[in-house]
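Enquirer: Here it is, the structure, as structure tokens.
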Amino acid sequence: MMNPIIQVRNLTKVYGTGPAAFKALRGVDLSINTGEFVAVMGPSGSGKSTLMNLLGCLDTPSGGNYSFQGISVETLDADQRSLLRRHALGFIFQGFNLLARTSALENVELPLLYRGHSRKKRRELAYEALCKVGLPDKARNTPAELSGGQQQRVAIARALATSPGTLFADEPTGNLDTRTTDEIMGLLAQLNSEQNITILMVTHEDEVASHAARIVTVRDGLIASDITNKTTPKRT
């Protein structure tokens with residue numbers, strides 16, 4: 001039996017107090033094993049983004065238990081959560097969040113600054129990450145010189161530069177056209193299958209979710225369904 005890398009039990013999140021309190025999560029139970037590719041879906045206000053923020057250690061739960069690789073995350077202070085994010089997690093967002101006047105290589109280097117690596121080592125790791133996403137020839141280009149799909153690939157390379165075991169992707173194709181969306185989803189699926197990176201992806205698009213091997217639907221702050229996707233596109 002596999003040990004889950006992520007396990008939450010009765011996870012809750014409440015915003016505000018008293019009559020104005022809003023229960024974003026009402027007691028979520030969820031387990032995710034190493035190497036899974038999971039899409040989290042749900043309508044606006046369902047709690048899917050709140051769940052992703054809690055699992056990514058960007059926010060803290062109001063109640064319940066969250067275990068990441070056996071660590072009780074809810075007991076960590078802000079500095080400890082920061083260290084966990086820095087060393088174990090990678091993040092990809094809908095907005096590429098690239099520095100406009102900085103080259104692709106330098107953008108990918110940014111998270112490595114916190115690792116204390118030498119400039120030479122940072123450059124080596126950043127270039128390796130760009131190679132993984134198929135952009136070694138764009139290392140010196142600024143974001144303005146790249147297409148939307150290329151910018152998202154740079155953002156993915158930045159997330160990969162620290163060699164995280166788990167990637168959190170929040171609407172990673174929301175700003176891309178259909179063809180480029182397929183390319184980016186193919187890349188994520190390849191990273192998942194070839195490097196065994198665990199991927200949790202928030203999306204509201206059925207076509208994007210279809211690339212994941214498992215689809216979890218959140219509704220009204222609870223898990224409404226959790227199914228294995230039997231139509232995951234085959235990779236060649």
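Residues in the structure tokens are named by chain (A, B, ... in the order shown) and by number from 1 within that chain; ligands are numbered from 1 in the order shown.
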Show me, as a list of chain:residue names, the residues that have an atom within 9 Å of Gln7 in chain A when counting only C-alpha atoms, minus same-chain residues fewer than 6 positions from it.
Expert: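 Counting only the stated atoms, we get A:Asp29, A:Leu30, A:Ser31, A:Ile32, A:Asn33, A:Asn65, A:Tyr66, A:Ser67, A:Phe68, A:Gln69, A:Gly70.
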Enquirer: Can I get the selection written as a CSV table (one decimal), in the first residue's frame, with C-alpha atoms?
Expert:
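Generated output (result14.csv):
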```csv
chain,number,residue,atom,x,y,z
A,29,ASP,CA,-10.8,14.5,3.5
A,30,LEU,CA,-8.3,13.8,0.8
A,31,SER,CA,-5.2,11.6,0.2
A,32,ILE,CA,-2.8,12.0,-2.7
A,33,ASN,CA,0.0,9.6,-3.5
A,65,ASN,CA,-5.1,17.9,10.0
A,66,TYR,CA,-2.8,18.2,7.1
A,67,SER,CA,0.1,15.9,6.7
A,68,PHE,CA,2.8,16.4,4.0
A,69,GLN,CA,5.4,13.7,3.7
A,70,GLY,CA,4.5,12.8,7.3
```
Enquirer: Residues of range 28-88 of chain A in alpha helix (DSSP H) according to DSSP, as a PDB file with all heavy atoms, in the first residue's frame?
Expert:
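Produced file out_32.pdb, reproduced below:
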```pdb
ATOM      1  N   LYS A  48     -12.243  25.366  -4.122  1.00  0.00           N
ATOM      2  CA  LYS A  48     -11.111  24.672  -4.743  1.00  0.00           C
ATOM      3  C   LYS A  48      -9.809  25.463  -4.613  1.00  0.00           C
ATOM      4  O   LYS A  48      -8.752  24.883  -4.350  1.00  0.00           O
ATOM      5  CB  LYS A  48     -11.397  24.349  -6.203  1.00  0.00           C
ATOM      6  CG  LYS A  48     -11.598  25.537  -7.123  1.00  0.00           C
ATOM      7  CD  LYS A  48     -11.941  25.077  -8.530  1.00  0.00           C
ATOM      8  CE  LYS A  48     -12.009  26.247  -9.508  1.00  0.00           C
ATOM      9  NZ  LYS A  48     -13.072  27.217  -9.136  1.00  0.00           N
ATOM     10  N   SER A  49      -9.880  26.779  -4.786  1.00  0.00           N
ATOM     11  CA  SER A  49      -8.664  27.590  -4.663  1.00  0.00           C
ATOM     12  C   SER A  49      -8.207  27.677  -3.209  1.00  0.00           C
ATOM     13  O   SER A  49      -7.006  27.676  -2.923  1.00  0.00           O
ATOM     14  CB  SER A  49      -8.902  28.997  -5.228  1.00  0.00           C
ATOM     15  OG  SER A  49      -9.096  28.943  -6.629  1.00  0.00           O
ATOM     16  N   THR A  50      -9.163  27.730  -2.293  1.00  0.00           N
ATOM     17  CA  THR A  50      -8.819  27.716  -0.866  1.00  0.00           C
ATOM     18  C   THR A  50      -8.098  26.426  -0.515  1.00  0.00           C
ATOM     19  O   THR A  50      -7.077  26.433   0.188  1.00  0.00           O
ATOM     20  CB  THR A  50     -10.092  27.846  -0.011  1.00  0.00           C
ATOM     21  OG1 THR A  50     -10.718  29.100  -0.287  1.00  0.00           O
ATOM     22  CG2 THR A  50      -9.756  27.770   1.476  1.00  0.00           C
ATOM     23  N   LEU A  51      -8.607  25.305  -1.024  1.00  0.00           N
ATOM     24  CA  LEU A  51      -7.967  24.014  -0.771  1.00  0.00           C
ATOM     25  C   LEU A  51      -6.549  24.005  -1.327  1.00  0.00           C
ATOM     26  O   LEU A  51      -5.611  23.551  -0.655  1.00  0.00           O
ATOM     27  CB  LEU A  51      -8.794  22.896  -1.397  1.00  0.00           C
ATOM     28  CG  LEU A  51      -8.207  21.483  -1.280  1.00  0.00           C
ATOM     29  CD1 LEU A  51      -8.048  21.079   0.185  1.00  0.00           C
ATOM     30  CD2 LEU A  51      -9.094  20.480  -2.019  1.00  0.00           C
ATOM     31  N   MET A  52      -6.367  24.525  -2.536  1.00  0.00           N
ATOM     32  CA  MET A  52      -5.040  24.552  -3.147  1.00  0.00           C
ATOM     33  C   MET A  52      -4.084  25.416  -2.332  1.00  0.00           C
ATOM     34  O   MET A  52      -2.918  25.053  -2.124  1.00  0.00           O
ATOM     35  CB  MET A  52      -5.142  25.089  -4.566  1.00  0.00           C
ATOM     36  CG  MET A  52      -3.827  25.129  -5.304  1.00  0.00           C
ATOM     37  SD  MET A  52      -3.198  23.482  -5.713  1.00  0.00           S
ATOM     38  CE  MET A  52      -4.242  23.035  -7.082  1.00  0.00           C
ATOM     39  N   ASN A  53      -4.554  26.548  -1.845  1.00  0.00           N
ATOM     40  CA  ASN A  53      -3.704  27.421  -1.042  1.00  0.00           C
ATOM     41  C   ASN A  53      -3.281  26.752   0.264  1.00  0.00           C
ATOM     42  O   ASN A  53      -2.143  26.933   0.725  1.00  0.00           O
ATOM     43  CB  ASN A  53      -4.428  28.735  -0.738  1.00  0.00           C
ATOM     44  CG  ASN A  53      -4.525  29.636  -1.943  1.00  0.00           C
ATOM     45  OD1 ASN A  53      -3.753  29.511  -2.892  1.00  0.00           O
ATOM     46  ND2 ASN A  53      -5.484  30.556  -1.918  1.00  0.00           N
ATOM     47  N   LEU A  54      -4.182  25.992   0.864  1.00  0.00           N
ATOM     48  CA  LEU A  54      -3.837  25.283   2.102  1.00  0.00           C
ATOM     49  C   LEU A  54      -2.836  24.169   1.828  1.00  0.00           C
ATOM     50  O   LEU A  54      -1.848  24.019   2.555  1.00  0.00           O
ATOM     51  CB  LEU A  54      -5.092  24.713   2.757  1.00  0.00           C
ATOM     52  CG  LEU A  54      -6.122  25.722   3.278  1.00  0.00           C
ATOM     53  CD1 LEU A  54      -7.307  24.984   3.901  1.00  0.00           C
ATOM     54  CD2 LEU A  54      -5.502  26.658   4.306  1.00  0.00           C
ATOM     55  N   LEU A  55      -3.056  23.398   0.767  1.00  0.00           N
ATOM     56  CA  LEU A  55      -2.152  22.305   0.442  1.00  0.00           C
ATOM     57  C   LEU A  55      -0.777  22.823   0.030  1.00  0.00           C
ATOM     58  O   LEU A  55       0.240  22.174   0.262  1.00  0.00           O
ATOM     59  CB  LEU A  55      -2.743  21.435  -0.667  1.00  0.00           C
ATOM     60  CG  LEU A  55      -4.060  20.719  -0.353  1.00  0.00           C
ATOM     61  CD1 LEU A  55      -4.494  19.865  -1.531  1.00  0.00           C
ATOM     62  CD2 LEU A  55      -3.927  19.865   0.903  1.00  0.00           C
ATOM     63  N   ALA A  78       5.134  30.242  10.397  1.00  0.00           N
ATOM     64  CA  ALA A  78       5.276  30.839   9.062  1.00  0.00           C
ATOM     65  C   ALA A  78       6.639  30.554   8.453  1.00  0.00           C
ATOM     66  O   ALA A  78       6.748  30.256   7.251  1.00  0.00           O
ATOM     67  CB  ALA A  78       5.034  32.337   9.143  1.00  0.00           C
ATOM     68  N   ASP A  79       7.702  30.629   9.242  1.00  0.00           N
ATOM     69  CA  ASP A  79       9.047  30.375   8.730  1.00  0.00           C
ATOM     70  C   ASP A  79       9.210  28.925   8.301  1.00  0.00           C
ATOM     71  O   ASP A  79       9.836  28.630   7.275  1.00  0.00           O
ATOM     72  CB  ASP A  79      10.103  30.730   9.783  1.00  0.00           C
ATOM     73  CG  ASP A  79      10.223  32.224  10.016  1.00  0.00           C
ATOM     74  OD1 ASP A  79       9.823  32.995   9.112  1.00  0.00           O
ATOM     75  OD2 ASP A  79      10.711  32.618  11.082  1.00  0.00           O
ATOM     76  N   GLN A  80       8.648  28.012   9.066  1.00  0.00           N
ATOM     77  CA  GLN A  80       8.752  26.592   8.730  1.00  0.00           C
ATOM     78  C   GLN A  80       7.955  26.264   7.472  1.00  0.00           C
ATOM     79  O   GLN A  80       8.395  25.467   6.641  1.00  0.00           O
ATOM     80  CB  GLN A  80       8.270  25.746   9.912  1.00  0.00           C
ATOM     81  CG  GLN A  80       9.193  25.803  11.119  1.00  0.00           C
ATOM     82  CD  GLN A  80       8.585  25.161  12.352  1.00  0.00           C
ATOM     83  OE1 GLN A  80       7.367  25.251  12.587  1.00  0.00           O
ATOM     84  NE2 GLN A  80       9.412  24.515  13.165  1.00  0.00           N
ATOM     85  N   ARG A  81       6.790  26.882   7.313  1.00  0.00           N
ATOM     86  CA  ARG A  81       6.015  26.677   6.087  1.00  0.00           C
ATOM     87  C   ARG A  81       6.765  27.235   4.881  1.00  0.00           C
ATOM     88  O   ARG A  81       6.738  26.644   3.791  1.00  0.00           O
ATOM     89  CB  ARG A  81       4.639  27.328   6.200  1.00  0.00           C
ATOM     90  CG  ARG A  81       3.704  26.662   7.204  1.00  0.00           C
ATOM     91  CD  ARG A  81       2.260  27.092   6.998  1.00  0.00           C
ATOM     92  NE  ARG A  81       2.104  28.534   7.007  1.00  0.00           N
ATOM     93  CZ  ARG A  81       1.955  29.270   8.109  1.00  0.00           C
ATOM     94  NH1 ARG A  81       1.947  28.682   9.296  1.00  0.00           N
ATOM     95  NH2 ARG A  81       1.798  30.572   8.039  1.00  0.00           N
ATOM     96  N   SER A  82       7.445  28.351   5.076  1.00  0.00           N
ATOM     97  CA  SER A  82       8.235  28.944   4.001  1.00  0.00           C
ATOM     98  C   SER A  82       9.351  28.001   3.564  1.00  0.00           C
ATOM     99  O   SER A  82       9.615  27.828   2.366  1.00  0.00           O
ATOM    100  CB  SER A  82       8.821  30.282   4.450  1.00  0.00           C
ATOM    101  OG  SER A  82       9.633  30.851   3.440  1.00  0.00           O
ATOM    102  N   LEU A  83      10.006  27.380   4.532  1.00  0.00           N
ATOM    103  CA  LEU A  83      11.065  26.421   4.215  1.00  0.00           C
ATOM    104  C   LEU A  83      10.515  25.211   3.465  1.00  0.00           C
ATOM    105  O   LEU A  83      11.146  24.710   2.527  1.00  0.00           O
ATOM    106  CB  LEU A  83      11.765  25.973   5.501  1.00  0.00           C
ATOM    107  CG  LEU A  83      12.729  26.965   6.140  1.00  0.00           C
ATOM    108  CD1 LEU A  83      13.187  26.454   7.506  1.00  0.00           C
ATOM    109  CD2 LEU A  83      13.944  27.198   5.238  1.00  0.00           C
ATOM    110  N   LEU A  84       9.336  24.763   3.873  1.00  0.00           N
ATOM    111  CA  LEU A  84       8.716  23.629   3.191  1.00  0.00           C
ATOM    112  C   LEU A  84       8.414  23.980   1.744  1.00  0.00           C
ATOM    113  O   LEU A  84       8.690  23.196   0.822  1.00  0.00           O
ATOM    114  CB  LEU A  84       7.439  23.218   3.928  1.00  0.00           C
ATOM    115  CG  LEU A  84       6.674  22.017   3.364  1.00  0.00           C
ATOM    116  CD1 LEU A  84       7.554  20.786   3.325  1.00  0.00           C
ATOM    117  CD2 LEU A  84       5.419  21.758   4.187  1.00  0.00           C
ATOM    118  N   ARG A  85       7.849  25.169   1.514  1.00  0.00           N
ATOM    119  CA  ARG A  85       7.574  25.605   0.142  1.00  0.00           C
ATOM    120  C   ARG A  85       8.865  25.693  -0.665  1.00  0.00           C
ATOM    121  O   ARG A  85       8.932  25.272  -1.821  1.00  0.00           O
ATOM    122  CB  ARG A  85       6.886  26.976   0.145  1.00  0.00           C
ATOM    123  CG  ARG A  85       5.466  26.973   0.661  1.00  0.00           C
ATOM    124  CD  ARG A  85       4.754  28.273   0.309  1.00  0.00           C
ATOM    125  NE  ARG A  85       5.447  29.457   0.806  1.00  0.00           N
ATOM    126  CZ  ARG A  85       5.239  30.002   1.997  1.00  0.00           C
ATOM    127  NH1 ARG A  85       4.364  29.446   2.836  1.00  0.00           N
ATOM    128  NH2 ARG A  85       5.890  31.085   2.360  1.00  0.00           N
ATOM    129  N   ARG A  86       9.898  26.228  -0.046  1.00  0.00           N
ATOM    130  CA  ARG A  86      11.155  26.479  -0.752  1.00  0.00           C
ATOM    131  C   ARG A  86      11.832  25.192  -1.191  1.00  0.00           C
ATOM    132  O   ARG A  86      12.432  25.129  -2.267  1.00  0.00           O
ATOM    133  CB  ARG A  86      12.098  27.286   0.149  1.00  0.00           C
ATOM    134  CG  ARG A  86      13.376  27.755  -0.525  1.00  0.00           C
ATOM    135  CD  ARG A  86      14.255  28.489   0.472  1.00  0.00           C
ATOM    136  NE  ARG A  86      13.537  29.565   1.146  1.00  0.00           N
ATOM    137  CZ  ARG A  86      14.024  30.239   2.183  1.00  0.00           C
ATOM    138  NH1 ARG A  86      15.221  29.923   2.682  1.00  0.00           N
ATOM    139  NH2 ARG A  86      13.336  31.216   2.738  1.00  0.00           N
ATOM    140  N   HIS A  87      11.723  24.149  -0.388  1.00  0.00           N
ATOM    141  CA  HIS A  87      12.498  22.941  -0.634  1.00  0.00           C
ATOM    142  C   HIS A  87      11.694  21.774  -1.208  1.00  0.00           C
ATOM    143  O   HIS A  87      12.293  20.818  -1.705  1.00  0.00           O
ATOM    144  CB  HIS A  87      13.173  22.491   0.666  1.00  0.00           C
ATOM    145  CG  HIS A  87      14.252  23.416   1.121  1.00  0.00           C
ATOM    146  ND1 HIS A  87      15.505  23.421   0.571  1.00  0.00           N
ATOM    147  CD2 HIS A  87      14.245  24.395   2.065  1.00  0.00           C
ATOM    148  CE1 HIS A  87      16.250  24.347   1.164  1.00  0.00           C
ATOM    149  NE2 HIS A  87      15.507  24.954   2.065  1.00  0.00           N
ATOM    150  N   ALA A  88      10.380  21.843  -1.152  1.00  0.00           N
ATOM    151  CA  ALA A  88       9.602  20.673  -1.578  1.00  0.00           C
ATOM    152  C   ALA A  88       8.521  20.976  -2.613  1.00  0.00           C
ATOM    153  O   ALA A  88       8.038  20.053  -3.271  1.00  0.00           O
ATOM    154  CB  ALA A  88       8.955  20.010  -0.357  1.00  0.00           C
TER     155      ALA A  88
END
```
Enquirer: Just want the 12 Å neighbourhood of Gln94 in chain A, counted on only C-alpha atoms, with same-chain residues fewer than 2 positions away dropped. Output as a list of chain:residue names.
Expert: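 Selected residues are A:Phe91, A:Ile92, A:Phe96, A:Asn97, A:Leu98, A:Gly148, A:Gly149, A:Gln151, A:Gln152, A:Arg153, A:Ala155, A:Ile156, A:Phe168, A:Ala169, A:Asp170, A:Glu171, A:Pro172, A:Thr173, A:Gly174, A:Asn175, A:Leu176, A:Thr181, A:Ile184, A:Met201, A:Val202, A:Thr203.
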Enquirer: Please, what distance in Å, to one decimal, runs between CA of Thr217 in chain A and CA of Val40 in chain A?
Expert: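 Interatomic distance here is 5.8 Å.
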Enquirer: Find, counting only C-alpha atoms, the residue in A:Val14, A:Leu130, A:Leu89, A:Leu99 that gets nearest to Pro61 in chain A.
Expert: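 When distances to Pro61 in chain A are compared using only C-alpha atoms, the smallest one comes from A:Val14.
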Enquirer: Closest to Gly134 in chain A among A:Val28, A:Val154, A:Leu105, A:Leu146, using only C-alpha atoms?
Expert: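 Smallest distance to Gly134 in chain A is found for A:Val154.
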